[in-house]
Structure formats: structure tokens, C-alpha cells
Amino acid sequence: MPIRSLFPTQFYQDRVDNAALLAELETSVRTLARDDRAGRQWSREHGYRGYTSYASLNDLPLRDPAFGDLVKHLNRHVAAFAKACAFDLGGKRLKLDSLWVNVLQPGGTHSGHIHPHSVVSGTIYIAVPPGSGALKLEDPRLSMMMAAPARPDTFVYAKPEIGSVFLWESWLRHEVMPNTGTQDRISVSFNYRM
């Protein structure tokens, strides 16, 4: 009796191999973390250990040319992922909806979540010191398994490196594992929509 695999969950992993751009982005992110008072305040009020521009800045590609250059790379990666997912986009491309930076200090983590109102979400890793923590992806069937026996791959851990680009469909629950290192982990996260 043949068995078919139905409804696979796609996860995209590639790189941006541009050391100069990654260095420029790291400098920009550290400057934002220093100067963005609203972002630092939001991070404190919401228990984010470090800094995120998530709730304070929504124009990074216009504000800083390094982010504008990054978006050109991300657009290509997202187009390749959309094609691999066989999305019917009616001849259009997915559009960048939001982009924010994250500086996760030692001990920092980000609990499980999804990205509503988006099609594709992702992260590019700018600084990944030892102990930074992986991206933990949850089997989307987990909440529906009821009495099913445990499976060895209920969670998958994607370990980033500098320049890694991870993409997934925005409904896929994920979390950032604790930064057990001694230095900040820096990433840029983003959402694309129709």
C-alpha cells in the first residue's frame, strides 16, 4: 500500500554572502539600539531582553541605505521561496510589509508566536556569537494531535550563522531559543504580504 506525504511544511534556508553589507547593517543596528529611545522603552516595557525596533520604526529601508540594499536581497529570496511553495500570486510578487531589527542580549529569548496578516516571514542573522540560540519551529499539527504518540521531530531547531536567511509561511509557530552566550545576537526580521 503506497503512502503519500500530504501538505508539507516548507522552510527556506540560504545566505546573503556580502560581508560588507552585513558589517554595515551591524553598525546601523547598533546605532539604532543606541539612539531609538522609543524602541528601547518598548523593549523594557514588554520584557524584551535587549532592543527591537518592532514597535518604534517602520521605515528602515528609507531611513538607511543598508536596509534598502538588504531588501533587494530579501526580495530575491522571498520570490524563490514563493515559487517553491507554489503560491498562486496571479503574476504578482509578494511585497515587504514590515522589517525590524533585534538585538538579543545574553539570557534573552522570544516565546512561541506566529505573524498574523502576512504570507511569508523571515529573519536574516547579522551577528551570531557562540551560544546565540537557534530558531525553534513547531510542527503545525501539534495542537491537533490529541492522543497521538510522541514524534521525534515535533520541534525542529534551525541553527543560524552570520548571513543566514530563514523563511517560512507566517502561520508557522516559532520561537527564539535563549541566548546562552556572552554577546548580543543581532538579526533583522521581516514580513511579506500579497
# chains A, B, ... in the order shown; residues from 1 in each chain; ligands from 1
$ select_by_dssp --residues "range 11-179 of chain A" --states "alpha helix (DSSP H)" --output "ChimeraX atom specification"
/A:19-35,37-45,60-63,65-84
$ residues_around --residues "range 55-61 of chain A" --least-positions-apart "4" --cutoff "7 Å" --atoms "only C-alpha atoms" --output "PyMOL selection string"
chain A and resi 38-39+42+65+67-68+98-99
$ atom_distance --atom1 "CA of Ser111 in chain A" --atom2 "CA of Glu175 in chain A"
5.1 Å
$ closest_atom_pairs --of "range 22-99 of chain A" --to "range 2-18 of chain A" --cutoff "9 Å" --atoms "only C-alpha atoms" --output "Markdown table"
| residue | atom | partner | partner_atom | distance |
| --- | --- | --- | --- | --- |
| A:Leu22 | CA | A:Asn18 | CA | 6.3 |
| A:Ala23 | CA | A:Asn18 | CA | 8.7 |
| A:Leu70 | CA | A:Val16 | CA | 8.8 |
| A:His73 | CA | A:Val16 | CA | 7.2 |
| A:Leu74 | CA | A:Val16 | CA | 8.7 |
| A:His77 | CA | A:Asp14 | CA | 8.0 |
| A:Phe81 | CA | A:Tyr12 | CA | 6.5 |
| A:Ala84 | CA | A:Gln10 | CA | 8.2 |
| A:Cys85 | CA | A:Gln10 | CA | 6.9 |
$ closest_atom_pairs --of "range 63-128 of chain A" --to "range 158-161 of chain A" --cutoff "8 Å" --atoms "only C-alpha atoms" --output "CSV"
residue,atom,partner,partner_atom,distance
A:Tyr125,CA,A:Glu161,CA,6.6
A:Ala127,CA,A:Glu161,CA,7.9
A:Val128,CA,A:Glu161,CA,5.9
$ atom_distance --atom1 "CA of Arg63 in chain A" --atom2 "CA of Leu32 in chain A"
10.8 Å
$ closest_residue --among "A:Leu94, A:Val156, A:Ala147, A:Val103" --to "Ile186 in chain A" --atoms "only C-alpha atoms"
A:Val103
$ atom_distance --atom1 "CA of Leu21 in chain A" --atom2 "CA of Val165 in chain A"
13.9 Å
